[in-house]
file coords-v8.txt (compact mmCIF, C-alpha atoms)
# COMPACT_ATOMS: atom_id res chain seq x y z
CA MET I 282 13.81 9.37 -40.65
CA LYS I 283 12.42 5.90 -40.21
CA LYS I 284 14.27 5.59 -36.92
CA LYS I 285 12.78 8.82 -35.69
CA HIS I 286 9.34 7.64 -36.63
CA LEU I 287 9.81 4.38 -34.73
CA LEU I 288 11.01 6.24 -31.68
CA LEU I 289 8.03 8.55 -31.84
CA THR I 290 5.66 5.61 -32.11
CA ALA I 291 7.33 3.93 -29.16
CA LEU I 292 7.08 7.10 -27.09
CA ILE I 293 3.42 7.52 -27.92
CA LEU I 294 2.77 3.89 -27.01
CA LEU I 295 4.61 4.34 -23.73
CA ALA I 296 2.74 7.52 -22.92
CA THR I 297 -0.56 5.87 -23.73
CA THR I 298 0.24 2.83 -21.61
CA VAL I 299 1.39 4.89 -18.66
CA GLY I 300 -1.55 7.19 -19.06
CA ILE I 301 -4.08 4.43 -19.18
CA VAL I 302 -3.30 2.39 -16.14
CA TRP I 303 -3.06 4.59 -13.11
CA ALA I 304 -5.38 3.78 -10.27
CA ALA I 305 -5.45 3.79 -6.48
CA ASP I 306 -1.67 3.93 -6.41
CA HIS I 307 -0.96 1.48 -9.23
CA ILE I 308 2.11 2.65 -11.20
CA ASP I 309 1.70 6.09 -9.70
CA ALA I 310 5.16 7.42 -10.47
CA PRO I 311 7.94 6.79 -13.02
CA GLY I 312 10.44 5.65 -10.38
CA VAL I 313 8.38 2.66 -9.29
CA THR I 314 6.21 1.88 -12.32
CA SER I 315 6.39 -1.82 -13.17
CA THR I 316 8.94 -2.47 -10.43
CA THR I 317 8.74 -4.89 -7.51
CA SER I 318 8.37 -1.99 -5.06
CA ASP I 319 5.27 -0.46 -6.67
CA ILE I 320 2.52 -0.24 -4.06
CA THR I 321 -0.94 -0.46 -5.62
CA ASP I 322 -3.12 -0.07 -2.54
CA PHE I 323 -3.30 0.24 1.22
CA TYR I 324 -6.18 -0.71 3.52
CA ALA I 325 -6.61 -0.48 7.29
CA PHE I 326 -9.75 -1.77 8.97
CA GLN I 327 -11.12 -3.42 12.09
CA SER I 328 -10.94 -7.19 11.83
CA PRO I 329 -14.25 -8.69 10.65
CA GLU I 330 -13.38 -11.71 12.81
CA ASN I 331 -12.36 -9.96 16.02
CA PRO I 332 -13.19 -6.31 16.92
CA GLU I 333 -10.14 -6.24 19.21
CA ASN I 334 -7.87 -6.54 16.15
CA MET I 335 -6.82 -4.22 13.32
CA VAL I 336 -5.99 -5.42 9.79
CA PHE I 337 -3.39 -3.82 7.53
CA VAL I 338 -3.22 -4.70 3.83
CA ALA I 339 -0.48 -3.71 1.37
CA ASN I 340 -0.85 -4.68 -2.28
CA LEU I 341 2.07 -4.57 -4.72
CA GLN I 342 2.86 -5.29 -8.37
CA GLY I 343 -0.66 -4.72 -9.68
CA LEU I 344 -2.38 -5.46 -12.97
CA LEU I 345 -1.14 -9.05 -12.99
CA ALA I 346 -2.92 -11.13 -15.60
CA PRO I 347 -3.88 -14.60 -14.33
CA ALA I 348 -1.30 -16.13 -16.69
CA ALA I 349 1.45 -13.96 -15.19
CA THR I 350 0.49 -14.44 -11.55
CA ALA I 351 2.23 -17.75 -10.82
CA ASP I 352 5.58 -16.19 -11.75
CA ALA I 353 5.17 -13.00 -9.70
CA ARG I 354 7.45 -12.85 -6.66
CA PHE I 355 7.96 -10.62 -3.65
CA ASP I 356 11.39 -9.01 -4.03
CA GLU I 357 13.83 -10.20 -1.36
CA GLN I 358 15.51 -6.78 -1.54
CA VAL I 359 12.29 -4.89 -0.76
CA MET I 360 10.85 -4.26 2.69
CA VAL I 361 7.17 -3.39 3.09
CA GLU I 362 6.56 -1.18 6.12
CA PHE I 363 3.27 -0.19 7.74
CA ASN I 364 3.70 3.11 9.58
CA ILE I 365 1.58 4.07 12.57
CA ASP I 366 1.52 7.55 14.11
CA ASN I 367 -0.43 7.58 17.37
CA ASN I 368 0.22 11.18 18.52
CA GLY I 369 -0.92 13.16 15.46
CA ASP I 370 2.37 14.52 14.11
CA ALA I 371 2.49 12.32 10.95
CA VAL I 372 5.79 10.81 12.16
CA GLU I 373 5.74 7.06 12.73
CA ASP I 374 5.74 5.93 16.37
CA LEU I 375 5.42 2.26 15.46
CA VAL I 376 6.30 0.22 12.41
CA ILE I 377 5.29 -3.24 11.23
CA GLN I 378 7.88 -4.43 8.71
CA ALA I 379 7.83 -7.35 6.30
CA THR I 380 10.76 -8.91 4.47
CA PHE I 381 10.72 -11.88 2.12
CA LYS I 382 13.30 -14.64 1.86
CA ASP I 383 13.40 -18.23 0.63
CA GLY I 384 9.62 -18.48 0.27
CA MET I 385 8.92 -17.03 3.72
CA ALA I 386 7.40 -13.70 4.74
CA ARG I 387 8.76 -12.40 8.03
CA VAL I 388 6.78 -9.70 9.82
CA TYR I 389 8.51 -7.71 12.57
CA GLY I 390 6.79 -5.52 15.16
CA PRO I 391 4.84 -3.50 15.97
CA ALA I 392 7.98 -1.80 17.28
CA ALA I 393 9.21 1.74 17.84
CA PRO I 394 11.66 2.41 15.00
CA SER I 395 15.27 3.25 15.84
CA GLU I 396 15.09 5.94 13.15
CA THR I 397 12.10 7.50 11.38
CA GLY I 398 11.71 8.65 7.80
CA LEU I 399 13.10 7.44 4.49
CA VAL I 400 15.69 4.95 5.74
CA SER I 401 14.89 1.92 7.87
CA ARG I 402 16.55 -1.07 9.44
CA VAL I 403 14.82 -4.28 10.43
CA GLU I 404 13.48 -3.63 13.93
CA THR I 405 13.59 -6.86 15.90
CA ASP I 406 12.50 -5.56 19.33
CA GLY I 407 8.84 -6.31 18.71
CA GLY I 408 9.39 -9.95 17.81
CA MET I 409 8.65 -11.68 14.53
CA VAL I 410 5.82 -13.71 13.00
CA GLU I 411 6.46 -15.63 9.81
CA ALA I 412 4.35 -17.33 7.18
CA GLY I 413 5.19 -19.32 4.09
CA ILE I 414 4.41 -17.34 0.95
CA THR I 415 1.27 -18.85 -0.57
CA SER I 416 1.78 -20.05 -4.15
CA TYR I 417 -0.68 -19.23 -6.94
CA GLY I 418 -3.62 -21.63 -6.85
CA GLU I 419 -2.80 -23.01 -3.38
CA PRO I 420 -4.85 -22.57 -0.19
CA ALA I 421 -3.86 -19.55 1.90
CA ILE I 422 -1.00 -20.20 4.33
CA ILE I 423 -1.57 -18.26 7.56
CA GLY I 424 1.20 -17.60 10.07
CA SER I 425 0.05 -16.98 13.66
CA ASP I 426 1.87 -15.89 16.81
CA LYS I 427 1.53 -13.28 19.59
CA GLY I 428 -2.14 -12.80 18.65
CA MET I 429 -1.07 -11.72 15.15
CA LYS I 430 -1.80 -13.29 11.77
CA VAL I 431 0.23 -13.00 8.57
CA PHE I 432 -0.54 -13.81 4.94
CA ALA I 433 1.59 -13.16 1.86
CA GLY I 434 0.76 -14.23 -1.68
CA PRO I 435 -1.25 -13.48 -4.83
CA ARG I 436 -4.86 -12.30 -4.47
CA ASP I 437 -7.56 -10.73 -6.59
CA ASP I 438 -7.01 -6.95 -6.80
CA PRO I 439 -9.75 -5.61 -4.49
CA PHE I 440 -9.67 -2.18 -6.16
CA PHE I 441 -12.51 -1.29 -8.54
CA PHE I 442 -12.86 1.72 -10.81
CA ASP I 443 -13.98 2.57 -14.35
CA PHE I 444 -10.59 3.97 -15.11
CA ALA I 445 -11.04 3.73 -18.86
CA GLN I 446 -13.98 6.13 -18.82
CA TYR I 447 -12.19 8.47 -16.40
CA SER I 448 -9.35 8.65 -18.92
CA GLU I 449 -11.78 9.57 -21.66
CA ILE I 450 -13.18 12.36 -19.46
CA ILE I 451 -9.73 13.71 -18.57
CA ALA I 452 -8.74 13.55 -22.24
CA GLY I 453 -11.81 15.59 -23.18
CA ASN I 454 -13.40 12.76 -25.16
CA ALA I 455 -16.33 12.25 -22.81
CA SER I 456 -18.28 14.47 -20.43
CA SER I 457 -19.54 11.92 -17.92
CA PHE I 458 -19.25 8.38 -16.60
CA ASN I 459 -21.35 5.56 -18.01
CA ASN I 460 -24.11 3.85 -16.06
CA PRO I 461 -23.39 1.08 -15.45
CA GLY I 462 -19.62 1.58 -15.51
CA SER I 463 -16.99 -1.02 -16.32
CA ASP I 464 -14.38 -2.12 -13.75
CA THR I 465 -10.98 -1.68 -15.39
CA PHE I 466 -9.37 -3.86 -12.69
CA ALA I 467 -11.72 -6.81 -12.99
CA GLY I 468 -9.85 -10.04 -13.57
CA THR I 469 -6.45 -8.79 -12.42
CA ASN I 470 -4.32 -9.86 -9.46
CA VAL I 471 -1.83 -8.32 -7.03
CA LEU I 472 0.70 -9.57 -4.50
CA SER I 473 -0.84 -9.05 -1.07
CA LEU I 474 0.60 -8.73 2.41
CA VAL I 475 -2.08 -8.97 5.09
CA VAL I 476 -1.25 -8.49 8.78
CA GLU I 477 -3.79 -8.68 11.61
CA VAL I 478 -2.64 -7.30 14.94
CA PRO I 479 -4.26 -6.77 18.36
CA LYS I 480 -5.25 -3.10 18.72
CA SER I 481 -3.61 -3.18 22.15
CA MET I 482 -0.22 -3.31 20.37
CA LEU I 483 -0.89 0.01 18.58
CA GLY I 484 -1.02 2.36 21.58
CA SER I 485 -4.01 4.00 23.24
CA ALA I 486 -4.94 6.75 20.76
CA SER I 487 -8.54 6.87 19.49
CA THR I 488 -7.31 7.79 15.99
CA LEU I 489 -4.18 6.63 14.19
CA ASN I 490 -2.47 8.09 11.15
CA THR I 491 -1.32 5.18 9.01
CA TRP I 492 0.49 4.69 5.71
CA VAL I 493 2.54 2.08 3.91
CA GLU I 494 6.02 2.35 2.41
CA SER I 495 8.20 0.13 0.25
CA LYS I 496 11.92 0.36 0.83
CA ARG I 497 14.77 -1.24 -1.08
CA LYS I 498 17.96 -2.63 0.49
CA ILE I 499 20.92 -0.28 -0.06
CA MET Y 437 42.07 -41.94 22.15
CA LYS Y 438 42.30 -38.87 24.31
CA ASN Y 439 43.11 -36.87 21.19
CA ILE Y 440 40.10 -38.16 19.33
CA LEU Y 441 37.87 -37.31 22.28
CA ARG Y 442 39.38 -33.83 22.52
CA THR Y 443 38.90 -33.24 18.78
CA GLY Y 444 35.33 -34.43 19.05
CA ILE Y 445 34.59 -32.04 21.89
CA LEU Y 446 36.22 -29.20 19.99
CA ILE Y 447 34.08 -29.88 16.92
CA LEU Y 448 30.95 -30.07 19.05
CA ALA Y 449 31.83 -26.84 20.80
CA THR Y 450 32.43 -25.09 17.45
CA MET Y 451 29.14 -26.36 16.14
CA ALA Y 452 27.29 -25.18 19.24
CA LEU Y 453 28.91 -21.77 18.95
CA CYS Y 454 27.86 -21.59 15.33
CA PHE Y 455 24.30 -22.54 16.10
CA THR Y 456 23.99 -19.66 18.49
CA SER Y 457 25.88 -16.95 16.65
CA CYS Y 458 26.95 -17.93 13.15
CA ASP Y 459 23.52 -18.35 11.59
CA GLU Y 460 23.48 -15.65 8.95
CA ASP Y 461 19.85 -16.44 8.29
CA ASP Y 462 18.73 -16.02 11.88
CA PRO Y 463 15.78 -13.66 11.35
CA MET Y 464 16.06 -12.06 14.79
CA THR Y 465 19.66 -10.97 14.31
CA PRO Y 466 19.97 -9.63 10.75
CA ALA Y 467 23.66 -10.29 10.17
CA ASP Y 468 24.40 -7.33 7.93
CA ASP Y 469 22.27 -4.69 9.67
CA SER Y 470 20.96 -3.77 6.20
CA ARG Y 471 19.46 -0.37 5.55
CA TYR Y 472 16.46 0.12 3.31
CA MET Y 473 15.72 3.29 1.31
CA GLN Y 474 12.18 4.40 0.51
CA GLU Y 475 10.81 4.05 -3.05
CA ASP Y 476 7.01 4.18 -2.80
CA GLN Y 477 4.40 5.12 -0.21
CA MET Y 478 0.68 5.73 0.09
CA GLY Y 479 -1.93 6.64 2.66
CA ARG Y 480 -5.24 7.52 1.02
CA PRO Y 481 -6.13 6.00 -2.34
CA ALA Y 482 -5.24 7.77 -5.61
CA ILE Y 483 -3.71 10.90 -4.06
CA ASN Y 484 -0.40 10.82 -5.94
CA THR Y 485 -2.17 9.79 -9.11
CA VAL Y 486 -4.78 12.55 -9.05
CA PHE Y 487 -3.14 15.51 -7.30
CA VAL Y 488 0.58 15.32 -8.07
CA ASP Y 489 2.05 16.73 -11.29
CA ALA Y 490 3.96 14.31 -13.51
CA GLY Y 491 7.34 15.78 -12.64
CA ASP Y 492 6.73 15.57 -8.87
CA LYS Y 493 5.43 12.01 -8.57
CA ASP Y 494 8.69 10.37 -7.48
CA ALA Y 495 9.42 13.24 -5.09
CA PHE Y 496 5.99 12.84 -3.51
CA ASN Y 497 6.68 9.13 -2.93
CA THR Y 498 9.93 9.92 -1.15
CA THR Y 499 8.81 12.86 0.99
CA THR Y 500 7.84 11.72 4.48
CA PRO Y 501 4.23 12.57 5.40
CA SER Y 502 5.26 15.09 8.05
CA LYS Y 503 6.93 17.15 5.29
CA GLN Y 504 4.40 16.63 2.49
CA GLY Y 505 2.06 19.44 3.54
CA ALA Y 506 4.68 22.17 3.28
CA ALA Y 507 6.00 20.83 0.00
CA PHE Y 508 2.78 20.04 -1.84
CA ALA Y 509 -0.32 21.79 -0.41
CA ASP Y 510 -0.17 24.75 -2.82
CA LYS Y 511 0.32 22.47 -5.81
CA PHE Y 512 -2.62 20.32 -4.71
CA GLN Y 513 -4.83 23.39 -4.57
CA SER Y 514 -3.87 24.38 -8.12
CA LYS Y 515 -4.57 20.84 -9.31
CA LEU Y 516 -7.97 20.75 -7.62
CA LEU Y 517 -8.99 24.02 -9.27
CA ALA Y 518 -7.75 22.75 -12.62
CA LEU Y 519 -9.87 19.60 -12.30
CA ASN Y 520 -12.91 21.53 -11.11
CA PRO Y 521 -12.65 25.27 -11.89
CA GLY Y 522 -16.03 25.79 -10.21
CA TYR Y 523 -14.94 24.33 -6.84
CA SER Y 524 -16.27 26.30 -3.87
CA THR Y 525 -16.60 23.84 -0.99
CA ASN Y 526 -17.46 20.14 -0.81
CA ALA Y 527 -19.80 17.88 1.12
CA LEU Y 528 -17.43 18.04 4.09
CA GLY Y 529 -17.69 21.85 4.06
CA LEU Y 530 -14.02 22.28 3.18
CA ASP Y 531 -12.88 25.14 0.95
CA ALA Y 532 -10.16 24.45 -1.62
CA GLU Y 533 -7.27 25.47 0.61
CA THR Y 534 -8.46 23.47 3.62
CA PHE Y 535 -9.38 20.39 1.57
CA THR Y 536 -6.05 20.24 -0.26
CA SER Y 537 -3.99 20.95 2.85
CA VAL Y 538 -5.62 17.91 4.45
CA LEU Y 539 -4.98 15.76 1.39
CA ALA Y 540 -1.35 16.81 0.92
CA THR Y 541 -0.33 15.00 4.11
CA ASP Y 542 -1.03 11.58 2.68
CA VAL Y 543 -1.95 9.48 5.70
CA LEU Y 544 -5.02 7.32 6.25
CA THR Y 545 -6.76 8.07 9.54
CA VAL Y 546 -8.04 4.98 11.33
CA ALA Y 547 -10.36 4.85 14.35
CA THR Y 548 -9.32 2.33 16.99
CA GLU Y 549 -12.91 1.94 18.21
CA GLY Y 550 -16.00 1.46 16.09
CA LYS Y 551 -16.58 1.18 12.38
CA THR Y 552 -13.65 1.59 10.02
CA THR Y 553 -14.71 3.01 6.65
CA PHE Y 554 -13.58 5.61 4.14
CA PHE Y 555 -17.13 7.01 4.13
CA ASP Y 556 -20.48 5.33 4.73
CA GLY Y 557 -22.85 8.29 5.07
CA ASN Y 558 -22.19 8.65 8.81
CA ASN Y 559 -18.53 7.91 9.42
CA VAL Y 560 -15.88 9.90 7.53
CA LEU Y 561 -12.32 8.65 7.14
CA THR Y 562 -12.26 6.19 10.00
CA GLY Y 563 -10.23 3.71 7.95
CA ARG Y 564 -10.49 1.98 4.59
CA ALA Y 565 -12.31 -1.32 4.23
CA LEU Y 566 -11.98 -3.59 1.20
CA SER Y 567 -15.50 -2.91 -0.02
CA ASP Y 568 -15.40 0.89 0.32
CA ASP Y 569 -16.17 2.69 -2.95
CA VAL Y 570 -13.30 5.12 -2.42
CA VAL Y 571 -13.23 6.43 -5.99
CA SER Y 572 -16.84 7.61 -5.90
CA VAL Y 573 -16.23 9.24 -2.49
CA GLU Y 574 -13.26 11.15 -3.87
CA LEU Y 575 -15.09 12.11 -7.07
CA LEU Y 576 -17.97 13.42 -4.97
CA LEU Y 577 -15.63 15.51 -2.80
CA ILE Y 578 -13.80 16.91 -5.85
CA PHE Y 579 -16.75 17.54 -8.18
CA GLY Y 580 -19.96 17.39 -6.10
CA GLY Y 581 -19.96 20.83 -4.48
CA PRO Y 582 -21.31 21.62 -0.99
CA GLU Y 583 -24.46 19.50 -1.39
CA GLY Y 584 -22.82 16.67 -3.32
CA THR Y 585 -25.22 17.38 -6.18
CA GLY Y 586 -22.96 19.28 -8.58
CA ASN Y 587 -21.59 17.77 -11.80
CA PRO Y 588 -23.75 14.65 -11.47
CA GLY Y 589 -22.08 12.95 -14.43
CA LEU Y 590 -18.68 13.13 -12.73
CA THR Y 591 -19.38 12.17 -9.12
CA ASP Y 592 -19.93 8.42 -9.53
CA ASP Y 593 -18.20 5.99 -11.89
CA HIS Y 594 -21.05 3.49 -11.35
CA VAL Y 595 -18.67 0.70 -10.42
CA ASP Y 596 -19.83 0.11 -6.87
CA ALA Y 597 -18.23 -3.18 -5.88
CA ASN Y 598 -15.34 -5.53 -6.53
CA ASP Y 599 -15.60 -8.23 -9.19
CA LYS Y 600 -15.03 -11.00 -6.61
CA ALA Y 601 -16.62 -11.38 -3.17
CA PHE Y 602 -14.37 -10.82 -0.17
CA LEU Y 603 -13.90 -13.49 2.49
CA ASN Y 604 -15.35 -13.34 6.00
CA SER Y 605 -12.17 -14.77 7.47
CA PHE Y 606 -8.47 -13.95 7.29
CA PRO Y 607 -6.89 -13.00 4.87
CA TYR Y 608 -10.22 -11.44 3.69
CA LEU Y 609 -9.05 -10.67 0.11
CA ALA Y 610 -10.49 -12.93 -2.57
CA THR Y 611 -8.44 -15.69 -4.15
CA PRO Y 612 -6.63 -14.69 -7.35
CA HIS Y 613 -8.18 -15.00 -10.81
call {"tool": "encode", "arguments": {"input": "coords-v8.txt", "output": "structure tokens"}}
result
Amino acid sequence: MKKKHLLLTALILLATTVGIVWAADHIDAPGVTSTTSDITDFYAFQSPENPENMVFVANLQGLLAPAATADARFDEQVMVEFNIDNNGDAVEDLVIQATFKDGMARVYGPAAPSETGLVSRVETDGGMVEAGITSYGEPAIIGSDKGMKVFAGPRDDPFFFDFAQYSEIIAGNASSFNNPGSDTFAGTNVLSLVVEVPKSMLGSASTLNTWVESKRKI
Amino acid sequence: MKNILRTGILILATMALCFTSCDEDDPMTPADDSRYMQEDQMGRPAINTVFVDAGDKDAFNTTTPSKQGAAFADKFQSKLLALNPGYSTNALGLDAETFTSVLATDVLTVATEGKTTFFDGNNVLTGRALSDDVVSVELLLIFGGPEGTGNPGLTDDHVDANDKAFLNSFPYLATPH
């Protein structure tokens, strides 16, 4: 009886925790929640420094407290892959892939993938740019080559949302947001991969379809 | 003497051979030709979180975008109408079926010329910048109706900016807390 009660309490706690902290893509699904392959966010924008360049950002392992950030690591078994479709069929024509090993981030491409979809290999045809992974509290290390720039390391989570109040609304405990709201993600960190690439490497389309994937070595 | 010289040359030759082909850590020739299997993906913010039922979330993450529409568009429409039973169209003029069929293929469209923003009043879905208030845009499109004026308590969370300023230079994201 007591055991059952404990289990129930644990389940409720788990459900509450999982329920409370969804966000942009933070712990979006049970298979990746609290794993090293959990993508929290994806951004793609024209470089503020150079309008001829595009910037891709992938954030992983969100909701890191400052005290936990120094110990967070990119998983050497996990590849992060930016996918770019430049002919409108939602199938990737180019990939930019990042792997992590011995304190280095290695970014391959853009390159046409030898196979599309759920399984990937490292595509080396497009060359490689590497950067040392920046440690918590250290100045950003920037790798540069071929007109590209690479950064990998902990950053402030750029996502902002009054998730707590949204949860209250969804749960039926509130009927509207507060004004002002409260940013549930304030004060938390993520592991960021930032890649800046000349637009000329992405094909000639006026609009791209883009997305990010995490893939684990099998 | 001759033997020593020969041995020395042999060792040098072996070493040279190794430097060109035996380096398992040579990043341009991954020695094991490893394969990687997909675990997570995202295009637009919060799509899996908001529109995918609990039991489908892992499947959504491992369905390639070109196949997501066929697999999930109907379910997205049901979810939209559950969130907002009064949905007719939204500020983009999209009815429920059209809106959710767009969303179900979870890719972020990015313009290669001009401003890149999720929505700034003029440009729609030309990218996603760090400062874009994507949550309020999505709330407005889900709850705001054709004029964006419906359900005023639900269309803005009143968190309009990040808690740390972004940088003007690469890597643009703010330093960690």
call {"tool": "closest_residue", "arguments": {"input": "coords-v8.txt", "among": "Y:Asn598, Y:Ser605, Y:Asp593, Y:Thr548", "to": "I:Gly484", "atoms": "all atoms listed in the file"}}
result
Y:Thr548
call {"tool": "closest_residue", "arguments": {"input": "coords-v8.txt", "among": "Y:Thr499, Y:Gln513, Y:Gln504, Y:Gln477", "to": "chain I", "atoms": "all atoms listed in the file"}}
result
Y:Gln477
call {"tool": "closest_residue", "arguments": {"input": "coords-v8.txt", "among": "I:Leu344, I:Ile365, I:Leu483, I:Leu489", "to": "chain Y", "atoms": "all atoms listed in the file"}}
result
I:Leu489
call {"tool": "closest_residue", "arguments": {"input": "coords-v8.txt", "among": "Y:Gly557, Y:Pro607, Y:Gly550, Y:Gly581", "to": "I:Val476", "atoms": "all atoms listed in the file"}}
result
Y:Pro607
call {"tool": "interface_residues", "arguments": {"input": "coords-v8.txt", "of": "chain Y", "to": "chain I", "cutoff": "6 Å", "atoms": "all atoms listed in the file", "output": "PyMOL selection string"}}
result
chain Y and resi 464+471-479+481-482+485+493-494+500-502+543-548+552+563-565+589-590+593-595+598-599+610-613
call {"tool": "decode", "arguments": {"input": "coords-v8.txt", "residues": "stretch 315-323 of chain I", "atoms": "all heavy atoms", "output": "CSV table (one decimal), in the first residue's frame"}}
result
chain,number,residue,atom,x,y,z
I,315,SER,N,15.5,15.4,-21.5
I,315,SER,CA,16.6,15.3,-20.6
I,315,SER,C,17.7,14.5,-21.1
I,315,SER,O,18.5,13.9,-20.4
I,315,SER,CB,16.2,14.8,-19.2
I,315,SER,OG,15.3,15.7,-18.7
I,316,THR,N,17.8,14.3,-22.5
I,316,THR,CA,19.0,13.6,-23.1
I,316,THR,C,19.8,14.6,-23.8
I,316,THR,O,19.5,15.8,-23.9
I,316,THR,CB,18.5,12.6,-24.1
I,316,THR,OG1,18.1,13.3,-25.3
I,316,THR,CG2,17.4,11.7,-23.6
I,317,THR,N,21.0,14.2,-24.2
I,317,THR,CA,22.0,15.1,-24.8
I,317,THR,C,21.6,15.4,-26.3
I,317,THR,O,22.3,16.2,-26.9
I,317,THR,CB,23.4,14.4,-24.8
I,317,THR,OG1,23.2,13.1,-25.4
I,317,THR,CG2,23.9,14.3,-23.4
I,318,SER,N,20.5,14.7,-26.8
I,318,SER,CA,20.1,15.0,-28.2
I,318,SER,C,18.9,15.9,-28.2
I,318,SER,O,18.4,16.2,-29.3
I,318,SER,CB,19.9,13.8,-28.9
I,318,SER,OG,18.8,13.1,-28.4
I,319,ASP,N,18.4,16.4,-27.1
I,319,ASP,CA,17.2,17.2,-27.0
I,319,ASP,C,17.5,18.6,-27.6
I,319,ASP,O,18.2,19.4,-27.0
I,319,ASP,CB,16.7,17.3,-25.6
I,319,ASP,CG,15.3,18.0,-25.6
I,319,ASP,OD1,14.6,18.0,-26.6
I,319,ASP,OD2,14.9,18.5,-24.5
I,320,ILE,N,16.9,18.9,-28.7
I,320,ILE,CA,17.0,20.2,-29.3
I,320,ILE,C,16.0,21.2,-28.6
I,320,ILE,O,14.8,20.8,-28.4
I,320,ILE,CB,16.7,20.2,-30.8
I,320,ILE,CG1,17.7,19.3,-31.6
I,320,ILE,CG2,16.6,21.6,-31.4
I,320,ILE,CD1,17.2,18.9,-33.0
I,321,THR,N,16.4,22.3,-28.2
I,321,THR,CA,15.5,23.3,-27.5
I,321,THR,C,15.0,24.3,-28.5
I,321,THR,O,13.9,24.8,-28.4
I,321,THR,CB,16.2,24.0,-26.3
I,321,THR,OG1,17.2,24.8,-26.8
I,321,THR,CG2,16.7,23.0,-25.4
I,322,ASP,N,15.9,24.7,-29.5
I,322,ASP,CA,15.5,25.8,-30.4
I,322,ASP,C,16.3,25.8,-31.6
I,322,ASP,O,17.4,25.3,-31.7
I,322,ASP,CB,15.6,27.2,-29.7
I,322,ASP,CG,14.3,27.7,-29.3
I,322,ASP,OD1,13.4,27.8,-30.1
I,322,ASP,OD2,14.1,28.1,-28.1
I,323,PHE,N,15.7,26.5,-32.6
I,323,PHE,CA,16.4,26.6,-33.9
I,323,PHE,C,16.1,28.0,-34.5
I,323,PHE,O,15.0,28.5,-34.4
I,323,PHE,CB,15.8,25.5,-34.9
I,323,PHE,CG,16.2,25.7,-36.4
I,323,PHE,CD1,17.6,25.8,-36.7
I,323,PHE,CD2,15.3,25.8,-37.4
I,323,PHE,CE1,17.9,26.0,-38.1
I,323,PHE,CE2,15.6,26.0,-38.7
I,323,PHE,CZ,17.0,26.1,-39.0
